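Novice: Quick one: structure below, then a few questions.
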2 protein chains.
Amino acid sequence: MKLRGMFRAVHSKKVGSMTIKNRVGRRRVTAQDVADLAGVSRYAVSRAFTLGGYVESEKRQRIQKAAEALGYRPNALASGLQGGRSDLVAIFVGEMPNEYDKEVASQLVIGLNTAGKWPIVIGGSEKSARDAVSNVLRYPLEAMILRSGSMDVEIVTDCIKLGIPVISSGRVMSQKGVDNICIKNAEGAAKLTRLLIDNGRRRIGYIGGADGFWSSIERRRGVLDVLSANGLSLVAEANGNYTMQQSQQVAADILDHQPDAIICANDVMAIGAIGAIRERGLMVPQHISVVGFDDIAIAAWSELALTTIRNPVDQLVRTVVDLLERRSKEPNKPEETIFLDAELVIRGSH
Amino acid sequence: MKLRGMFRAVHSKKVGSMTIKNRVGRRRVTAQDVADLAGVSRYAVSRAFTLGGYVESEKRQRIQKAAEALGYRPNALASGLQGGRSDLVAIFVGEMPNEYDKEVASQLVIGLNTAGKWPIVIGGSEKSARDAVSNVLRYPLEAMILRSGSMDVEIVTDCIKLGIPVISSGRVMSQKGVDNICIKNAEGAAKLTRLLIDNGRRRIGYIGGADGFWSSIERRRGVLDVLSANGLSLVAEANGNYTMQQSQQVAADILDHQPDAIICANDVMAIGAIGAIRERGLMVPQHISVVGFDDIAIAAWSELALTTIRNPVDQLVRTVVDLLERRSKEPNKPEETIFLDAELVIRGSH
DNA sequence: CGGCATTCTGCACACGTGTGCACATACTCT
DNA sequence: AGAGTATGTGCACACGTGTGCAGAATGCCG
C-alpha cells in the first residue's frame, strides 16, 4: 500500500501525526482513494470511468461500489487539463434591463444544460464585465456566447485571439470567427408599420431603444423605410431606453403631437406607452394604436392584448446550441449568419 | 532553448515536420511561450502573474509586454488544480417560470460577478437538472447556491458529502452545511391580509403557488393565521401554479364565490387575477381588492399600481454573496439562517 | 502445440501552473 | 567589515487524471 495516498494532508506537506488531524476542509476524494478501497490500481479506476476502457467486469463493479461509497467524481480540472472537451461555455448577457433579455438568458442556460454544456454567465455593465470576461478566458472555453445588444468589440477580439469561437445573438458582427444569429429586425418593424398603415393610421410616432444597440438601429430603419415608401414620416420620436418607466415618460411628449399610432421598439416600452395613453383618458386601440416587439409573456395578457412581433426564444436557443455543436465538431468551418423570421402576432392593440 | 516548448504538437505526440503543421485548433499559449519570447524563465512568468511574487521590475515589464502580445492568460484548470480558490460557484435555478425567478437569477449572476466569482448556472426541470448537478460537481466548486422553491434533497446531500457548502435562498433547510436566506413569507402574507381586513374586506379569496414550494406553504399559513385570528376564513381558494395564465383561469372560479378581495401568492398571479376581474366588467379596487407578493417591475405600472410585498432582490443578492465569502473564509462556521424583512408596498389595488 | 487476436494491466508521461526551499545578490545598520 | 534583512532566481515537486505503449494473460483455430 502506498504511503502517499494514505498520509497526504491538505495544509501542510510535512508527514506526521500532528499534521494529519488538522484537515479542515476535507480533502477531495481522488481516484487513488477509490483504488485503495476497491483493492485495485488507480489506472483501473480511471479506465472504469472512461468509455472505451478495458476493465474486468467484476473489478469494474467493485470500483463503482467504492466510488459510490466515497462519492468520487473525477476532478474536472485535472481531466480537462489534457486538452479534451471542457464542456465549458461562457455567456455574456449585459445588464438584462428588460424582460425579454432575462427570458433569453434563462432559456439559453437551460438549452445549453440540455446539450451537456456548463455555461459560466457574465452579466452587468460593459465596463465591469470587461474585466470579468478577461478573467473567465483563463478557462478553456468551447465558445463565448454573446447576448447583449451593445458590446465592447475588444471582448470579441480577445476571444478570437485565443482561438475561442464566438456566437453572437442579437447583433450581427462580421469579424472572423464569429457566428451570428439574429431576428430580422427591419423586416419585423416593417410588418408592424404596414399593418398600421393598412388600418388607416397616418400619424405614427416611434419610441426607440437605447442608443448604440444594433437591434435599435435596425428596427428604426424598418419603420422609416415603409413610412417613406408610403410618403409618410414620423410625427414624433423619442428614446425609451428599452425600459417601461422611461418609455411611459417620453410617450407623454409624443402624445402632444396627436399621433394615431405608436410603434415601440420592444414590448415593455409598449406597455409604458399604453400606460401614458390611458393616464390621459384615451383608449387603445380606439384612439391610438400601440404595437411592440418581442412578444414577451405578459403581452398576451387580456388587458393588454398587445399586437407585436414574435422574437422566438426557442428557435434562438436551438440555433445557438446547433451552431455551437457544429463549430465544436469543425473548428474551421466558415462563419454563418442565420436570420430568424419575424412573425407578426396580431392581437387587439393595433 | 528548450525543444519541448518549440516542437509540441497538439494532436500527435510524434515530433517531426509532418506533425507540426497540422495544428488545427491553435494550441493554447502557455507560460513557457511567454518566457521564451521575453527571454526569461517560466518561473519568472508565473511569479509576475501572482501577487506576492518577487520579480525584477524591468523583467516584469518585458514579461507583461510579451504576455500582452501573445494574449497569454494563466490556464485556470492548471492553477486551480493545486487547491487554491477556484472562484467557481454553481447556481441551481430550477425552471424560472415567472418574472421574479428570472430577476433573482439575473441579479445573482451579476452580484457574484462583482464579487469575482464565476457562476455556472444550472436550470430546467428537477429531474433533468439532477444529472447536470451531479456532473458539475466534478468541478471544485466553492459553493452551490440553490434558488428554487422545490428542490431535490439528494442534490443537497451530494454537495455536503463532497464538502461543498450550500446556500439556499427561498427555502429554509435545516441540514448540516446549509446556510439559508429567505424572506419572512408568513409575515408578509399576514401584512397583506391585515391591510385588507383593516380596509373592511371580509370575503377574501386566495390564489396559491405551485404545490411543494416552500414559499407557497409559508405564505398561505400567514394568510390563514390572520384570518382565523379575526374570526374569518377563505371564501375560496385555488392553485395558480405561480403563472399568470393559470391564475387568470382559476380566478374565474374564485369570482363565482363573490369575494371582495383576492390575495395572490405572487405578483404575476395577481396580474392574472386582475385580468379575470376586468374581463367580468368589475373594477380593482372599487369592487374587488387584489394584492400580490414580490414587487416585480411591472407591479409599479400605472395601470396596475399593485399593492404587494417587496421581496428585496438586492438584499438577497448581497446576503448570498456575504454568506459565500464568510463561509469561504471559515468553512466550519456554524450554519446561519437569515430572514429578510417583508415590507408592505402600498399602491392602489387594495 | 504454435500462431494469432482479444482482453486486461501497469508504467510512464503529459497537461500547465504555483510555491517551498535553497541559494544568490543587494542593501542597511551598527 | 560583519551581521542582518529584503529582494530575486532556479529547481523540483505537487496537483489528479487520461492514455499510448509494452507486455501479460486468455481464448480460439488450425
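In the C-alpha cells, each chain is lettered A, B, ... as it comes, each chain's residues begin at 1, and ligands are numbered from 1 in order of appearance.
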Would you kindly report the residues of chain D within 9 Å of chain A, using only C-alpha atoms (C1' of nucleotides), as a list of chain:residue names?

Specialist: D:DC15, D:DG16, D:DT17, D:DG18

Novice: Find the spatial neighbours of Val34 in chain A, counting only C-alpha atoms (C1' of nucleotides), within a cut-off of 12 Å - ignore same-chain residues fewer than 2 positions away - and output them as a VMD selection string.

Specialist: chain A and resid 5 to 6 28 to 32 36 to 46 48 to 49 60 62 to 74

Novice: Using only C-alpha atoms (C1' of nucleotides), which chain C residues lie at most 10 Å away from chain A, written as a list in words?

Specialist: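 Those within range of chain A come out as DT7, DC8, DT9, DG10, DC11, DA14, DC15, DG16 and DG20 of chain C.
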
Novice: Just the helix (DSSP H, G or I) stuff from range 51-246 of chain A, please, per backbone DSSP, written as a VMD selection string.

Specialist: chain A and resid 57 to 70 76 to 81 99 to 114 126 to 136 153 to 161 185 to 198 214 to 229 244 to 246

Novice: Tell me, how big is the Cα RMSD between chain B and chain A, fit done by least squares on all Cα paired in order?

Specialist: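 Between these identical-sequence chains, the C-alpha RMSD is 0.2 Å.
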
Novice: If you run DSSP on the backbone, which residues of range 65-97 of chain A are strand (DSSP E or B), as JSON, numbers by chain?

Specialist: {"A": [88, 89, 90, 91, 92]}

Novice: May I have the selected residues written with C-alpha atoms, as a compact mmCIF listing (two decimals), in the first residue's frame?

Specialist:
# COMPACT_ATOMS: atom_id res chain seq x y z
CA LEU A 88 -17.38 24.94 -20.50
CA VAL A 89 -19.08 27.81 -22.26
CA ALA A 90 -19.36 31.45 -21.34
CA ILE A 91 -22.44 33.60 -21.87
CA PHE A 92 -22.12 37.34 -21.79

Novice: Could you check how far CA of Gly231 in chain B sits from CA of Ala261 in chain B, in Å to one decimal?

Specialist: 16.3 Å

Novice: So, with only C-alpha atoms as the atoms that count, which of A:Glu126, A:Glu218, A:Glu325, A:Glu99 lies closest to chain B?

Specialist: A:Glu99

Novice: Just the residues within 9 Å of range 299-316 of chain B, please, counting only C-alpha atoms (C1' of nucleotides), with nothing from its chain fewer than 4 positions along; format it as a VMD selection string.

Specialist: (chain A and resid 244 to 245 271 to 272 274 to 276 278 to 279) or (chain B and resid 100 103 to 104 107 to 108 111 169 181 to 183 188 to 189 191 to 192 266 to 268 270 to 271 274 284 290 to 295 320 to 321 340 to 350)

Novice: Since we have the selection now, will you write its residues out, keeping N, CA and C atoms, as a CSV table (one decimal), in the first residue's frame?

Specialist:
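Output contents, as saved in result-v1.csv:
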chain,number,residue,atom,x,y,z
A,244,MET,N,-39.7,50.3,-19.3
A,244,MET,CA,-41.1,50.7,-19.2
A,244,MET,C,-41.2,52.2,-18.7
A,245,GLN,N,-40.5,52.4,-17.6
A,245,GLN,CA,-40.6,53.8,-17.0
A,245,GLN,C,-40.2,54.9,-17.9
A,271,ILE,N,-45.8,48.8,-23.3
A,271,ILE,CA,-46.6,48.8,-22.0
A,271,ILE,C,-46.6,50.1,-21.4
A,272,GLY,N,-45.4,50.7,-21.3
A,272,GLY,CA,-45.2,52.0,-20.8
A,272,GLY,C,-46.1,53.0,-21.6
A,274,ILE,N,-48.7,52.5,-23.4
A,274,ILE,CA,-50.2,52.3,-23.1
A,274,ILE,C,-50.5,52.9,-21.8
A,275,GLY,N,-49.6,52.8,-20.8
A,275,GLY,CA,-49.9,53.5,-19.5
A,275,GLY,C,-50.1,55.0,-19.7
A,276,ALA,N,-49.2,55.6,-20.5
A,276,ALA,CA,-49.3,57.0,-20.7
A,276,ALA,C,-50.6,57.4,-21.4
A,278,ARG,N,-53.5,55.7,-21.4
A,278,ARG,CA,-54.7,55.6,-20.6
A,278,ARG,C,-54.7,56.6,-19.5
A,279,GLU,N,-53.5,57.0,-19.0
A,279,GLU,CA,-53.5,58.1,-18.0
A,279,GLU,C,-54.1,59.3,-18.5
B,100,TYR,N,-40.2,37.0,-11.4
B,100,TYR,CA,-39.4,37.2,-10.2
B,100,TYR,C,-38.2,36.2,-10.2
B,103,GLU,N,-35.6,37.4,-12.5
B,103,GLU,CA,-34.9,38.6,-11.9
B,103,GLU,C,-33.9,38.2,-10.9
B,104,VAL,N,-34.3,37.3,-10.0
B,104,VAL,CA,-33.3,36.9,-9.0
B,104,VAL,C,-32.1,36.2,-9.6
B,107,GLN,N,-29.9,38.8,-11.2
B,107,GLN,CA,-29.1,39.7,-10.3
B,107,GLN,C,-28.1,38.9,-9.5
B,108,LEU,N,-28.4,37.6,-9.2
B,108,LEU,CA,-27.4,36.8,-8.5
B,108,LEU,C,-26.2,36.7,-9.3
B,111,GLY,N,-24.3,39.9,-9.2
B,111,GLY,CA,-23.7,40.1,-7.9
B,111,GLY,C,-22.5,39.2,-7.7
B,169,SER,N,-31.5,29.8,-1.0
B,169,SER,CA,-32.3,31.1,-0.9
B,169,SER,C,-33.7,30.8,-1.3
B,181,ILE,N,-31.2,31.8,3.4
B,181,ILE,CA,-31.5,33.2,3.3
B,181,ILE,C,-32.9,33.2,2.7
B,182,CYS,N,-33.8,33.9,3.4
B,182,CYS,CA,-35.2,33.7,3.0
B,182,CYS,C,-36.0,34.9,3.5
B,183,ILE,N,-37.0,35.4,2.7
B,183,ILE,CA,-37.8,36.5,3.1
B,183,ILE,C,-38.8,35.9,4.2
B,188,GLY,N,-45.1,38.5,5.7
B,188,GLY,CA,-45.5,39.3,4.5
B,188,GLY,C,-47.0,39.1,4.2
B,189,ALA,N,-47.3,37.8,4.1
B,189,ALA,CA,-48.7,37.4,3.8
B,189,ALA,C,-49.6,38.0,4.8
B,191,LYS,N,-49.2,40.6,6.7
B,191,LYS,CA,-49.4,42.1,6.5
B,191,LYS,C,-50.4,42.4,5.4
B,192,LEU,N,-50.4,41.7,4.3
B,192,LEU,CA,-51.3,41.9,3.3
B,192,LEU,C,-52.7,41.6,3.8
B,266,ASN,N,-48.1,35.5,-5.6
B,266,ASN,CA,-47.1,36.3,-6.2
B,266,ASN,C,-47.7,37.3,-7.2
B,267,ASP,N,-46.9,38.2,-7.7
B,267,ASP,CA,-47.4,39.3,-8.5
B,267,ASP,C,-48.0,38.9,-9.8
B,268,VAL,N,-47.3,38.0,-10.5
B,268,VAL,CA,-47.8,37.6,-11.8
B,268,VAL,C,-49.2,37.0,-11.7
B,270,ALA,N,-51.3,37.8,-9.5
B,270,ALA,CA,-52.2,39.0,-9.2
B,270,ALA,C,-52.6,39.6,-10.5
B,271,ILE,N,-51.7,39.7,-11.4
B,271,ILE,CA,-52.0,40.3,-12.7
B,271,ILE,C,-53.0,39.5,-13.4
B,274,ILE,N,-56.4,40.1,-11.9
B,274,ILE,CA,-56.9,41.4,-12.3
B,274,ILE,C,-57.5,41.3,-13.7
B,284,VAL,N,-60.9,47.1,-10.1
B,284,VAL,CA,-60.0,47.0,-9.0
B,284,VAL,C,-59.5,48.4,-8.6
B,290,VAL,N,-57.1,43.5,-5.0
B,290,VAL,CA,-56.1,42.4,-5.4
B,290,VAL,C,-54.8,42.8,-4.8
B,291,VAL,N,-54.1,41.9,-4.2
B,291,VAL,CA,-52.7,42.1,-3.7
B,291,VAL,C,-51.9,41.0,-4.1
B,292,GLY,N,-50.6,41.3,-4.3
B,292,GLY,CA,-49.6,40.3,-4.8
B,292,GLY,C,-48.5,40.1,-3.8
B,293,PHE,N,-47.4,39.6,-4.3
B,293,PHE,CA,-46.2,39.3,-3.5
B,293,PHE,C,-45.0,39.3,-4.4
B,294,ASP,N,-44.0,40.0,-4.1
B,294,ASP,CA,-42.7,40.1,-4.7
B,294,ASP,C,-42.3,41.5,-5.2
B,295,ASP,N,-43.3,42.3,-5.6
B,295,ASP,CA,-43.0,43.6,-6.2
B,295,ASP,C,-42.0,43.5,-7.4
B,320,VAL,N,-26.4,36.7,0.0
B,320,VAL,CA,-25.8,35.5,-0.6
B,320,VAL,C,-24.3,35.6,-0.7
B,321,VAL,N,-23.9,36.7,-1.3
B,321,VAL,CA,-22.5,37.0,-1.6
B,321,VAL,C,-21.8,37.0,-0.2
B,340,LEU,N,-35.2,37.9,5.7
B,340,LEU,CA,-35.3,39.3,5.2
B,340,LEU,C,-36.7,39.9,5.5
B,341,ASP,N,-36.7,41.1,5.9
B,341,ASP,CA,-38.0,41.7,6.3
B,341,ASP,C,-38.9,41.9,5.0
B,342,ALA,N,-40.2,41.6,5.3
B,342,ALA,CA,-41.2,41.7,4.2
B,342,ALA,C,-41.9,43.1,4.3
B,343,GLU,N,-41.5,44.0,3.4
B,343,GLU,CA,-42.0,45.3,3.5
B,343,GLU,C,-43.3,45.5,2.7
B,344,LEU,N,-44.3,46.1,3.3
B,344,LEU,CA,-45.5,46.3,2.5
B,344,LEU,C,-45.4,47.5,1.6
B,345,VAL,N,-45.7,47.3,0.3
B,345,VAL,CA,-45.7,48.4,-0.7
B,345,VAL,C,-47.1,48.7,-1.0
B,346,ILE,N,-47.5,49.9,-0.5
B,346,ILE,CA,-48.9,50.3,-0.7
B,346,ILE,C,-49.1,51.0,-2.0
B,347,ARG,N,-49.9,50.5,-2.9
B,347,ARG,CA,-50.2,51.2,-4.1
B,347,ARG,C,-51.7,51.4,-4.2
B,348,GLY,N,-52.3,51.1,-5.3
B,348,GLY,CA,-53.7,51.4,-5.5
B,348,GLY,C,-54.6,50.2,-5.6
B,349,SER,N,-54.2,49.0,-5.5
B,349,SER,CA,-55.0,47.9,-5.9
B,349,SER,C,-55.7,47.2,-4.7
B,350,HIS,N,-55.5,47.8,-3.5
B,350,HIS,CA,-56.1,47.1,-2.4
B,350,HIS,C,-57.4,47.7,-1.9

Novice: Separation of CA of Asp87 in chain A and CA of Gly116 in chain A, in Å?

Specialist: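 Interatomic distance here is 7.1 Å.
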
Novice: Give me, as number ranges by chain, all polymer residues having an atom no more than 10 Å from Ala238 in chain B, counting only C-alpha atoms (C1' of nucleotides) and skipping those fewer than 2 positions away in the same chain.

Specialist: B: 205-209, 236, 240-241, 246-247, 249-251, 253-254, 264

Novice: I'd like the neighbourhood of Val109 in chain A as a list in words, where a residue qualifies if any of its atoms comes within 9 Å (using only C-alpha atoms (C1' of nucleotides)), though same-chain residues fewer than 5 positions away should be ignored.

Specialist: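 Counting only the stated atoms, we get Ile91, Val104, Thr114, Lys117, Trp118, Pro119, Val121 and Val317 of chain A; Val121, Ile122, Gly123 and Gly124 of chain B.
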
Novice: Would you put the residues from that selection into a file with C-alpha atoms, as a PDB file, in the first residue's frame?

Specialist:
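The new file part_23.pdb reads:
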ATOM      1  CA  ILE A  91     -22.435  33.602 -21.866  1.00  0.00           C
ATOM      2  CA  VAL A 104     -33.400  34.751 -23.375  1.00  0.00           C
ATOM      3  CA  THR A 114     -29.650  20.089 -22.033  1.00  0.00           C
ATOM      4  CA  LYS A 117     -22.623  22.263 -21.555  1.00  0.00           C
ATOM      5  CA  TRP A 118     -21.764  24.286 -18.462  1.00  0.00           C
ATOM      6  CA  PRO A 119     -22.459  27.932 -19.010  1.00  0.00           C
ATOM      7  CA  VAL A 121     -22.650  33.527 -17.027  1.00  0.00           C
ATOM      8  CA  VAL A 317     -31.712  28.814 -28.296  1.00  0.00           C
TER       9      VAL A 317
ATOM     10  CA  VAL B 121     -25.788  28.148 -13.946  1.00  0.00           C
ATOM     11  CA  ILE B 122     -27.958  25.055 -13.995  1.00  0.00           C
ATOM     12  CA  GLY B 123     -31.608  25.336 -14.847  1.00  0.00           C
ATOM     13  CA  GLY B 124     -34.517  23.329 -16.106  1.00  0.00           C
TER      14      GLY B 124
END
